[in-house]
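> Quick one, upload22.cif (mmCIF, C-alpha atoms; chains and numbers go by the auth columns):
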```cif
data_work
#
loop_
_atom_site.group_PDB
_atom_site.id
_atom_site.type_symbol
_atom_site.label_atom_id
_atom_site.label_comp_id
_atom_site.label_asym_id
_atom_site.label_seq_id
_atom_site.Cartn_x
_atom_site.Cartn_y
_atom_site.Cartn_z
_atom_site.B_iso_or_equiv
_atom_site.auth_seq_id
_atom_site.auth_asym_id
ATOM 1 C CA MET A 1 114.543 182.994 124.665 0.00 1 A
ATOM 2 C CA ASN A 2 114.162 183.279 128.438 0.00 2 A
ATOM 3 C CA PRO A 3 110.720 182.358 129.774 0.00 3 A
ATOM 4 C CA LEU A 4 108.630 185.058 131.451 0.00 4 A
ATOM 5 C CA PRO A 5 108.415 185.001 135.257 0.00 5 A
ATOM 6 C CA SER A 6 105.514 183.126 136.759 0.00 6 A
ATOM 7 C CA SER A 7 102.346 184.850 137.912 0.00 7 A
ATOM 8 C CA GLY A 8 103.432 184.230 141.512 0.00 8 A
ATOM 9 C CA THR A 9 106.595 186.286 140.925 0.00 9 A
ATOM 10 C CA TYR A 10 104.545 189.192 139.584 0.00 10 A
ATOM 11 C CA ALA A 11 102.151 188.912 142.519 0.00 11 A
ATOM 12 C CA ARG A 12 104.998 189.088 145.043 0.00 12 A
ATOM 13 C CA TRP A 13 106.472 192.189 143.395 0.00 13 A
ATOM 14 C CA LEU A 14 103.044 193.835 143.348 0.00 14 A
ATOM 15 C CA ALA A 15 102.754 193.068 147.057 0.00 15 A
ATOM 16 C CA VAL A 16 106.094 194.825 147.622 0.00 16 A
ATOM 17 C CA VAL A 17 104.827 197.871 145.683 0.00 17 A
ATOM 18 C CA ARG A 18 101.647 197.824 147.783 0.00 18 A
ATOM 19 C CA ILE A 19 103.529 197.689 151.089 0.00 19 A
ATOM 20 C CA LEU A 20 105.920 200.482 150.068 0.00 20 A
ATOM 21 C CA THR A 21 102.987 202.638 148.933 0.00 21 A
ATOM 22 C CA GLY A 22 101.268 202.100 152.269 0.00 22 A
ATOM 23 C CA ALA A 23 104.483 202.940 154.112 0.00 23 A
ATOM 24 C CA LEU A 24 104.733 206.222 152.174 0.00 24 A
ATOM 25 C CA TRP A 25 101.184 207.108 153.204 0.00 25 A
ATOM 26 C CA LEU A 26 101.998 206.386 156.839 0.00 26 A
ATOM 27 C CA VAL A 27 105.237 208.397 156.727 0.00 27 A
ATOM 28 C CA HIS A 28 103.200 211.278 155.337 0.00 28 A
ATOM 29 C CA ALA A 29 100.355 210.909 157.862 0.00 29 A
ATOM 30 C CA ILE A 30 101.887 210.003 161.236 0.00 30 A
ATOM 31 C CA PRO A 31 103.646 213.363 161.780 0.00 31 A
ATOM 32 C CA LYS A 32 100.254 215.039 161.398 0.00 32 A
ATOM 33 C CA PHE A 33 99.199 213.217 164.564 0.00 33 A
ATOM 34 C CA VAL A 34 102.505 213.326 166.435 0.00 34 A
ATOM 35 C CA GLN A 35 102.988 217.034 165.751 0.00 35 A
ATOM 36 C CA SER A 36 99.336 217.927 165.616 0.00 36 A
ATOM 37 C CA ASP A 37 99.794 221.682 166.152 0.00 37 A
ATOM 38 C CA ASP A 38 101.935 221.895 163.025 0.00 38 A
ATOM 39 C CA PHE A 39 99.077 220.579 160.877 0.00 39 A
ATOM 40 C CA MET A 40 95.749 221.319 162.529 0.00 40 A
ATOM 41 C CA PRO A 41 94.006 224.711 162.789 0.00 41 A
ATOM 42 C CA PRO A 42 94.192 227.437 163.818 0.00 42 A
ATOM 43 C CA SER A 43 97.832 227.895 162.808 0.00 43 A
ATOM 44 C CA GLY A 44 98.799 224.582 161.220 0.00 44 A
ATOM 45 C CA ALA A 45 99.754 223.753 157.660 0.00 45 A
ATOM 46 C CA SER A 46 96.201 222.754 156.710 0.00 46 A
ATOM 47 C CA VAL A 47 95.045 226.371 157.043 0.00 47 A
ATOM 48 C CA GLY A 48 97.826 227.641 154.806 0.00 48 A
ATOM 49 C CA PHE A 49 97.213 224.854 152.277 0.00 49 A
ATOM 50 C CA VAL A 50 93.556 225.808 151.870 0.00 50 A
ATOM 51 C CA ALA A 51 94.376 229.525 151.708 0.00 51 A
ATOM 52 C CA LYS A 52 96.956 228.877 148.990 0.00 52 A
ATOM 53 C CA ALA A 53 94.503 226.639 147.130 0.00 53 A
ATOM 54 C CA LEU A 54 91.933 229.446 147.114 0.00 54 A
ATOM 55 C CA GLN A 55 94.509 231.697 145.453 0.00 55 A
ATOM 56 C CA SER A 56 95.694 229.154 142.880 0.00 56 A
ATOM 57 C CA THR A 57 92.339 227.747 141.728 0.00 57 A
ATOM 58 C CA ASP A 58 90.076 229.454 139.219 0.00 58 A
ATOM 59 C CA ALA A 59 87.604 231.636 141.118 0.00 59 A
ATOM 60 C CA THR A 60 84.776 230.546 138.805 0.00 60 A
ATOM 61 C CA SER A 61 85.384 226.815 139.183 0.00 61 A
ATOM 62 C CA PRO A 62 83.124 224.592 141.269 0.00 62 A
ATOM 63 C CA TYR A 63 86.156 223.332 143.204 0.00 63 A
ATOM 64 C CA HIS A 64 87.052 226.889 144.251 0.00 64 A
ATOM 65 C CA ALA A 65 83.478 227.370 145.466 0.00 65 A
ATOM 66 C CA PHE A 66 83.715 224.087 147.378 0.00 66 A
ATOM 67 C CA LEU A 67 86.936 225.196 149.070 0.00 67 A
ATOM 68 C CA ALA A 68 85.573 228.640 149.933 0.00 68 A
ATOM 69 C CA ASN A 69 82.089 227.664 151.061 0.00 69 A
ATOM 70 C CA VAL A 70 82.543 224.199 152.552 0.00 70 A
ATOM 71 C CA VAL A 71 86.171 223.426 153.384 0.00 71 A
ATOM 72 C CA GLN A 72 87.406 226.754 154.757 0.00 72 A
ATOM 73 C CA PRO A 73 84.518 227.301 157.209 0.00 73 A
ATOM 74 C CA ASN A 74 84.948 223.696 158.428 0.00 74 A
ATOM 75 C CA ILE A 75 88.721 223.458 158.168 0.00 75 A
ATOM 76 C CA GLY A 76 89.064 221.562 161.458 0.00 76 A
ATOM 77 C CA ILE A 77 86.810 218.737 160.285 0.00 77 A
ATOM 78 C CA PHE A 78 88.464 218.461 156.870 0.00 78 A
ATOM 79 C CA ALA A 79 91.976 218.521 158.349 0.00 79 A
ATOM 80 C CA GLU A 80 91.000 215.705 160.702 0.00 80 A
ATOM 81 C CA LEU A 81 89.462 213.721 157.836 0.00 81 A
ATOM 82 C CA ALA A 82 92.561 214.228 155.689 0.00 82 A
ATOM 83 C CA ARG A 83 95.054 212.933 158.244 0.00 83 A
ATOM 84 C CA LEU A 84 92.776 210.094 159.332 0.00 84 A
ATOM 85 C CA GLY A 85 92.217 209.124 155.704 0.00 85 A
ATOM 86 C CA GLU A 86 95.950 209.010 155.060 0.00 86 A
ATOM 87 C CA VAL A 87 96.500 206.717 158.045 0.00 87 A
ATOM 88 C CA LEU A 88 93.675 204.390 157.019 0.00 88 A
ATOM 89 C CA VAL A 89 94.970 204.181 153.446 0.00 89 A
ATOM 90 C CA GLY A 90 98.470 203.437 154.730 0.00 90 A
ATOM 91 C CA VAL A 91 97.327 200.730 157.145 0.00 91 A
ATOM 92 C CA ALA A 92 95.093 199.109 154.503 0.00 92 A
ATOM 93 C CA LEU A 93 97.943 198.902 152.013 0.00 93 A
ATOM 94 C CA VAL A 94 100.649 197.786 154.446 0.00 94 A
ATOM 95 C CA LEU A 95 98.487 195.014 155.896 0.00 95 A
ATOM 96 C CA GLY A 96 96.889 194.117 152.578 0.00 96 A
ATOM 97 C CA VAL A 97 93.352 194.400 153.915 0.00 97 A
ATOM 98 C CA LEU A 98 90.644 195.951 151.722 0.00 98 A
ATOM 99 C CA THR A 99 93.405 196.973 149.360 0.00 99 A
ATOM 100 C CA ARG A 100 91.076 198.025 146.549 0.00 100 A
ATOM 101 C CA LEU A 101 89.273 200.354 148.929 0.00 101 A
ATOM 102 C CA GLY A 102 92.623 201.610 150.203 0.00 102 A
ATOM 103 C CA GLY A 103 93.740 202.308 146.642 0.00 103 A
ATOM 104 C CA LEU A 104 90.505 204.168 145.947 0.00 104 A
ATOM 105 C CA GLY A 105 90.947 206.243 149.108 0.00 105 A
ATOM 106 C CA GLY A 106 94.523 207.082 148.144 0.00 106 A
ATOM 107 C CA MET A 107 93.402 208.190 144.692 0.00 107 A
ATOM 108 C CA PHE A 108 90.648 210.350 146.166 0.00 108 A
ATOM 109 C CA LEU A 109 93.054 212.095 148.546 0.00 109 A
ATOM 110 C CA THR A 110 95.735 212.735 145.942 0.00 110 A
ATOM 111 C CA LEU A 111 93.241 213.999 143.368 0.00 111 A
ATOM 112 C CA ASN A 112 92.017 216.531 145.923 0.00 112 A
ATOM 113 C CA TYR A 113 95.567 217.575 146.801 0.00 113 A
ATOM 114 C CA MET A 114 96.434 217.993 143.126 0.00 114 A
ATOM 115 C CA ALA A 115 93.271 219.961 142.382 0.00 115 A
ATOM 116 C CA ALA A 116 93.903 222.277 145.325 0.00 116 A
ATOM 117 C CA ALA A 117 97.575 222.809 144.591 0.00 117 A
ATOM 118 C CA HIS A 118 97.801 223.120 140.805 0.00 118 A
ATOM 119 C CA GLY A 119 94.691 221.846 139.048 0.00 119 A
ATOM 120 C CA PHE A 120 95.009 219.135 136.420 0.00 120 A
ATOM 121 C CA SER A 121 95.850 221.100 133.309 0.00 121 A
ATOM 122 C CA SER A 122 99.383 222.146 134.240 0.00 122 A
ATOM 123 C CA PHE A 123 102.548 220.113 133.930 0.00 123 A
ATOM 124 C CA ALA A 124 103.425 221.041 137.518 0.00 124 A
ATOM 125 C CA ALA A 125 100.423 219.056 138.784 0.00 125 A
ATOM 126 C CA TRP A 126 101.675 215.855 137.116 0.00 126 A
ATOM 127 C CA SER A 127 105.306 216.204 138.209 0.00 127 A
ATOM 128 C CA THR A 128 104.683 216.135 141.950 0.00 128 A
ATOM 129 C CA LEU A 129 104.779 213.489 144.631 0.00 129 A
ATOM 130 C CA ASP A 130 100.965 213.607 144.658 0.00 130 A
ATOM 131 C CA ALA A 131 100.872 212.435 141.035 0.00 131 A
ATOM 132 C CA ALA A 132 103.246 209.561 141.872 0.00 132 A
ATOM 133 C CA MET A 133 101.056 208.573 144.832 0.00 133 A
ATOM 134 C CA LEU A 134 98.021 208.721 142.544 0.00 134 A
ATOM 135 C CA LEU A 135 99.647 206.220 140.209 0.00 135 A
ATOM 136 C CA LEU A 136 100.814 203.922 143.015 0.00 136 A
ATOM 137 C CA SER A 137 97.399 204.011 144.691 0.00 137 A
ATOM 138 C CA SER A 138 95.632 203.256 141.407 0.00 138 A
ATOM 139 C CA ILE A 139 97.660 200.049 141.040 0.00 139 A
ATOM 140 C CA ASN A 140 96.077 198.811 144.266 0.00 140 A
ATOM 141 C CA LEU A 141 92.618 199.715 143.023 0.00 141 A
ATOM 142 C CA VAL A 142 92.998 197.924 139.699 0.00 142 A
ATOM 143 C CA LEU A 143 94.959 194.840 140.753 0.00 143 A
ATOM 144 C CA PRO A 144 94.327 192.441 143.660 0.00 144 A
ATOM 145 C CA THR A 145 97.624 193.284 145.360 0.00 145 A
ATOM 146 C CA GLY A 146 96.440 192.083 148.776 0.00 146 A
ATOM 147 C CA ARG A 147 96.185 188.442 147.689 0.00 147 A
ATOM 148 C CA VAL A 148 99.895 187.877 148.422 0.00 148 A
ATOM 149 C CA LEU A 149 101.481 188.882 151.749 0.00 149 A
ATOM 150 C CA GLY A 150 98.194 190.422 152.781 0.00 150 A
ATOM 151 C CA ILE A 151 95.061 189.716 154.782 0.00 151 A
ATOM 152 C CA ASP A 152 92.944 189.836 151.629 0.00 152 A
ATOM 153 C CA MET A 153 94.324 186.427 150.690 0.00 153 A
ATOM 154 C CA PHE A 154 92.029 184.871 153.302 0.00 154 A
ATOM 155 C CA PHE A 155 88.891 186.520 151.945 0.00 155 A
ATOM 156 C CA GLY A 156 89.363 186.695 148.197 0.00 156 A
ATOM 157 C CA LYS A 157 88.107 184.296 145.601 0.00 157 A
ATOM 158 C CA HIS A 158 90.387 181.330 145.335 0.00 158 A
ATOM 159 C CA ALA A 159 91.335 179.831 142.052 0.00 159 A
ATOM 160 C CA ALA A 160 89.055 177.075 140.862 0.00 160 A
ATOM 161 C CA PRO A 161 90.487 173.601 141.280 0.00 161 A
ATOM 162 C CA PRO A 162 91.840 172.126 138.065 0.00 162 A
ATOM 163 C CA PRO A 163 89.384 169.961 136.171 0.00 163 A
ATOM 164 C CA PRO A 164 89.747 166.221 136.712 0.00 164 A
ATOM 165 C CA THR A 165 92.053 164.410 134.319 0.00 165 A
ATOM 166 C CA VAL A 166 90.198 162.379 131.746 0.00 166 A
ATOM 167 C CA ARG A 167 91.781 159.016 130.987 0.00 167 A
ATOM 168 C CA ALA A 168 90.736 156.430 128.492 0.00 168 A
ATOM 169 C CA VAL A 169 90.013 153.098 130.130 0.00 169 A
ATOM 170 C CA PHE A 170 89.637 150.007 127.972 0.00 170 A
ATOM 171 C CA VAL A 171 87.239 147.416 129.322 0.00 171 A
ATOM 172 C CA ASP A 172 86.694 143.959 127.856 0.00 172 A
ATOM 173 C CA GLU A 173 83.256 143.826 126.409 0.00 173 A
ATOM 174 C CA PRO A 174 81.111 140.961 127.652 0.00 174 A
ATOM 175 C CA GLN A 175 80.329 138.173 125.210 0.00 175 A
ATOM 176 C CA PRO A 176 76.875 138.542 123.749 0.00 176 A
ATOM 177 C CA ALA A 177 74.313 136.133 125.140 0.00 177 A
ATOM 178 C CA PRO A 178 73.365 133.238 122.798 0.00 178 A
ATOM 179 C CA PRO A 179 70.138 133.823 120.940 0.00 179 A
ATOM 180 C CA PRO A 180 67.093 132.134 122.415 0.00 180 A
ATOM 181 C CA PRO A 181 66.182 128.779 120.858 0.00 181 A
ATOM 182 C CA ALA A 182 63.864 128.969 117.919 0.00 182 A
ATOM 183 C CA PRO A 183 60.268 127.923 118.685 0.00 183 A
ATOM 184 C CA PRO A 184 59.195 124.565 117.274 0.00 184 A
ATOM 185 C CA PRO A 185 57.471 124.729 113.936 0.00 185 A
ATOM 186 C CA SER A 186 53.771 125.118 114.284 0.00 186 A
ATOM 187 C CA VAL A 187 51.682 122.037 113.428 0.00 187 A
ATOM 188 C CA PRO A 188 48.410 122.752 111.696 0.00 188 A
ATOM 189 C CA PRO A 189 45.494 121.641 113.810 0.00 189 A
ATOM 190 C CA PRO A 190 43.782 118.384 112.750 0.00 190 A
ATOM 191 C CA ASN A 191 40.709 118.601 110.555 0.00 191 A
ATOM 192 C CA THR A 192 37.810 118.646 112.940 0.00 192 A
ATOM 193 C CA THR A 193 35.130 119.070 110.357 0.00 193 A
ATOM 194 C CA LEU A 194 32.384 116.469 110.999 0.00 194 A
ATOM 195 C CA GLU A 195 30.805 114.789 108.017 0.00 195 A
ATOM 196 C CA PRO A 196 27.035 114.391 108.211 0.00 196 A
ATOM 197 C CA PRO A 197 25.942 110.799 108.731 0.00 197 A
ATOM 198 C CA GLY A 198 25.031 109.125 105.496 0.00 198 A
#
```
Go ahead and express the file in the form of structure tokens.


Amino acid sequence: MNPLPSSGTYARWLAVVRILTGALWLVHAIPKFVQSDDFMPPSGASVGFVAKALQSTDATSPYHAFLANVVQPNIGIFAELARLGEVLVGVALVLGVLTRLGGLGGMFLTLNYMAAAHGFSSFAAWSTLDAAMLLLSSINLVLPTGRVLGIDMFFGKHAAPPPPTVRAVFVDEPQPAPPPPAPPPSVPPPNTTLEPPG
């Protein structure tokens, strides 16, 4: 039977998954800054995404009300937050700094994208790139992936040093001291009773 890989091997592969996940976030986010007009309002993709989400979500759901009453009137702010959030998640995961927070941010973004696009009850929602990014981001939330090949390794808890090795040491016992000499036997005091003169 072949032995399982060491924990260090698993940690290095998790670091590779983390870096690739961060790179995917950056590939998705950087064009939104480089080609800003294609994403930002008034005619960018963010406007069409929200409009499509309003059509695809249940009109009685709280998320639909959130999109209609909060997101759509403030689409510029939310578009800016979305692209900035994607960049921050990508940088956090690539550099391995605050990776748990980066994983949480990635999950938050993808859950919103999935809810806006399909909801969570359809198979289509779970067969998209957003669902894959949700899974990859959750790995970084659950596991300390930044402890290897990442900046988090300098700030995380380090493993406790191994306990000291206990060794039996045999020491010659000292010879017991001789008992103290016995006191001399007590001599009864002489009779000091005086006889009356006769």

> Atom CA of Ala92 of chain A to atom CA of Ala53 of chain A: how many Å, to one decimal?

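Taking atom CA of Ala92 of chain A and atom CA of Ala53 of chain A, their separation equals 28.5 Å.
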
> Show me the residues around (102.3, 185.2, 142.7) - criterion: an atom at most 12 Å away, only C-alpha atoms counted - as a PDB file with C-alpha atoms, in the coordinates of the input.


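And here is the file that came out, part.pdb:
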```
ATOM      1  CA  PRO A   5     108.415 185.001 135.257  1.00  0.00           C
ATOM      2  CA  SER A   6     105.514 183.126 136.759  1.00  0.00           C
ATOM      3  CA  SER A   7     102.346 184.850 137.912  1.00  0.00           C
ATOM      4  CA  GLY A   8     103.432 184.230 141.512  1.00  0.00           C
ATOM      5  CA  THR A   9     106.595 186.286 140.925  1.00  0.00           C
ATOM      6  CA  TYR A  10     104.545 189.192 139.584  1.00  0.00           C
ATOM      7  CA  ALA A  11     102.151 188.912 142.519  1.00  0.00           C
ATOM      8  CA  ARG A  12     104.998 189.088 145.043  1.00  0.00           C
ATOM      9  CA  TRP A  13     106.472 192.189 143.395  1.00  0.00           C
ATOM     10  CA  LEU A  14     103.044 193.835 143.348  1.00  0.00           C
ATOM     11  CA  ALA A  15     102.754 193.068 147.057  1.00  0.00           C
ATOM     12  CA  VAL A  16     106.094 194.825 147.622  1.00  0.00           C
ATOM     13  CA  PRO A 144      94.327 192.441 143.660  1.00  0.00           C
ATOM     14  CA  THR A 145      97.624 193.284 145.360  1.00  0.00           C
ATOM     15  CA  GLY A 146      96.440 192.083 148.776  1.00  0.00           C
ATOM     16  CA  ARG A 147      96.185 188.442 147.689  1.00  0.00           C
ATOM     17  CA  VAL A 148      99.895 187.877 148.422  1.00  0.00           C
ATOM     18  CA  LEU A 149     101.481 188.882 151.749  1.00  0.00           C
ATOM     19  CA  MET A 153      94.324 186.427 150.690  1.00  0.00           C
TER      20      MET A 153
END
```

> Translate the PyMOL selection byres ((chain A and resi 72) around 12) into a concrete residue list for this structure, as a JSON list (two decimals) with C-alpha atoms, in the frame of the given file.


```json
[["chain", "number", "residue", "atom", "x", "y", "z"],
["A", 41, "PRO", "CA", 94.01, 224.71, 162.79],
["A", 42, "PRO", "CA", 94.19, 227.44, 163.82],
["A", 46, "SER", "CA", 96.20, 222.75, 156.71],
["A", 47, "VAL", "CA", 95.04, 226.37, 157.04],
["A", 48, "GLY", "CA", 97.83, 227.64, 154.81],
["A", 49, "PHE", "CA", 97.21, 224.85, 152.28],
["A", 50, "VAL", "CA", 93.56, 225.81, 151.87],
["A", 51, "ALA", "CA", 94.38, 229.52, 151.71],
["A", 52, "LYS", "CA", 96.96, 228.88, 148.99],
["A", 53, "ALA", "CA", 94.50, 226.64, 147.13],
["A", 54, "LEU", "CA", 91.93, 229.45, 147.11],
["A", 64, "HIS", "CA", 87.05, 226.89, 144.25],
["A", 65, "ALA", "CA", 83.48, 227.37, 145.47],
["A", 66, "PHE", "CA", 83.72, 224.09, 147.38],
["A", 67, "LEU", "CA", 86.94, 225.20, 149.07],
["A", 68, "ALA", "CA", 85.57, 228.64, 149.93],
["A", 69, "ASN", "CA", 82.09, 227.66, 151.06],
["A", 70, "VAL", "CA", 82.54, 224.20, 152.55],
["A", 71, "VAL", "CA", 86.17, 223.43, 153.38],
["A", 73, "PRO", "CA", 84.52, 227.30, 157.21],
["A", 74, "ASN", "CA", 84.95, 223.70, 158.43],
["A", 75, "ILE", "CA", 88.72, 223.46, 158.17],
["A", 76, "GLY", "CA", 89.06, 221.56, 161.46],
["A", 77, "ILE", "CA", 86.81, 218.74, 160.28],
["A", 78, "PHE", "CA", 88.46, 218.46, 156.87],
["A", 79, "ALA", "CA", 91.98, 218.52, 158.35]]
```

> Using the chain letters and numbers from the file, which residues does the PyMOL selection byres ((chain A and resi 90) around 8) grab, as a ChimeraX atom specification?

/A:21-26,86-89,91-94,102

> Excluding segment 129-139 of chain A and its own-chain neighbours fewer than 5 positions away, which residues fall within 6 Å of it when counting all atoms listed in the file? Please give them as a ChimeraX atom specification.

/A:103,106-107,110

> Give the answer as one residue: which of A:Leu104, A:Leu81, A:Val34, A:Leu95 has the shortest atom-to-atom distance to Leu143 of chain A, using only C-alpha atoms?

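Selected residue with least distance to Leu143 of chain A: A:Leu104.
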
> Which residue out of A:Ala168, A:Ile30, A:Leu4, A:Leu98 has the minimum interatomic distance to Gly150 of chain A when only C-alpha atoms are used?

A:Leu98

> Record the distance separating atom CA of Ala116 of chain A and atom CA of Gly85 of chain A, expressed in Å with one decimal.

16.8 Å

> Go ahead and compute the interatomic distance for atom CA of Lys32 of chain A and atom CA of Gly44 of chain A, in Å to one decimal.

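Distance reported for this atom pair: 9.7 Å.
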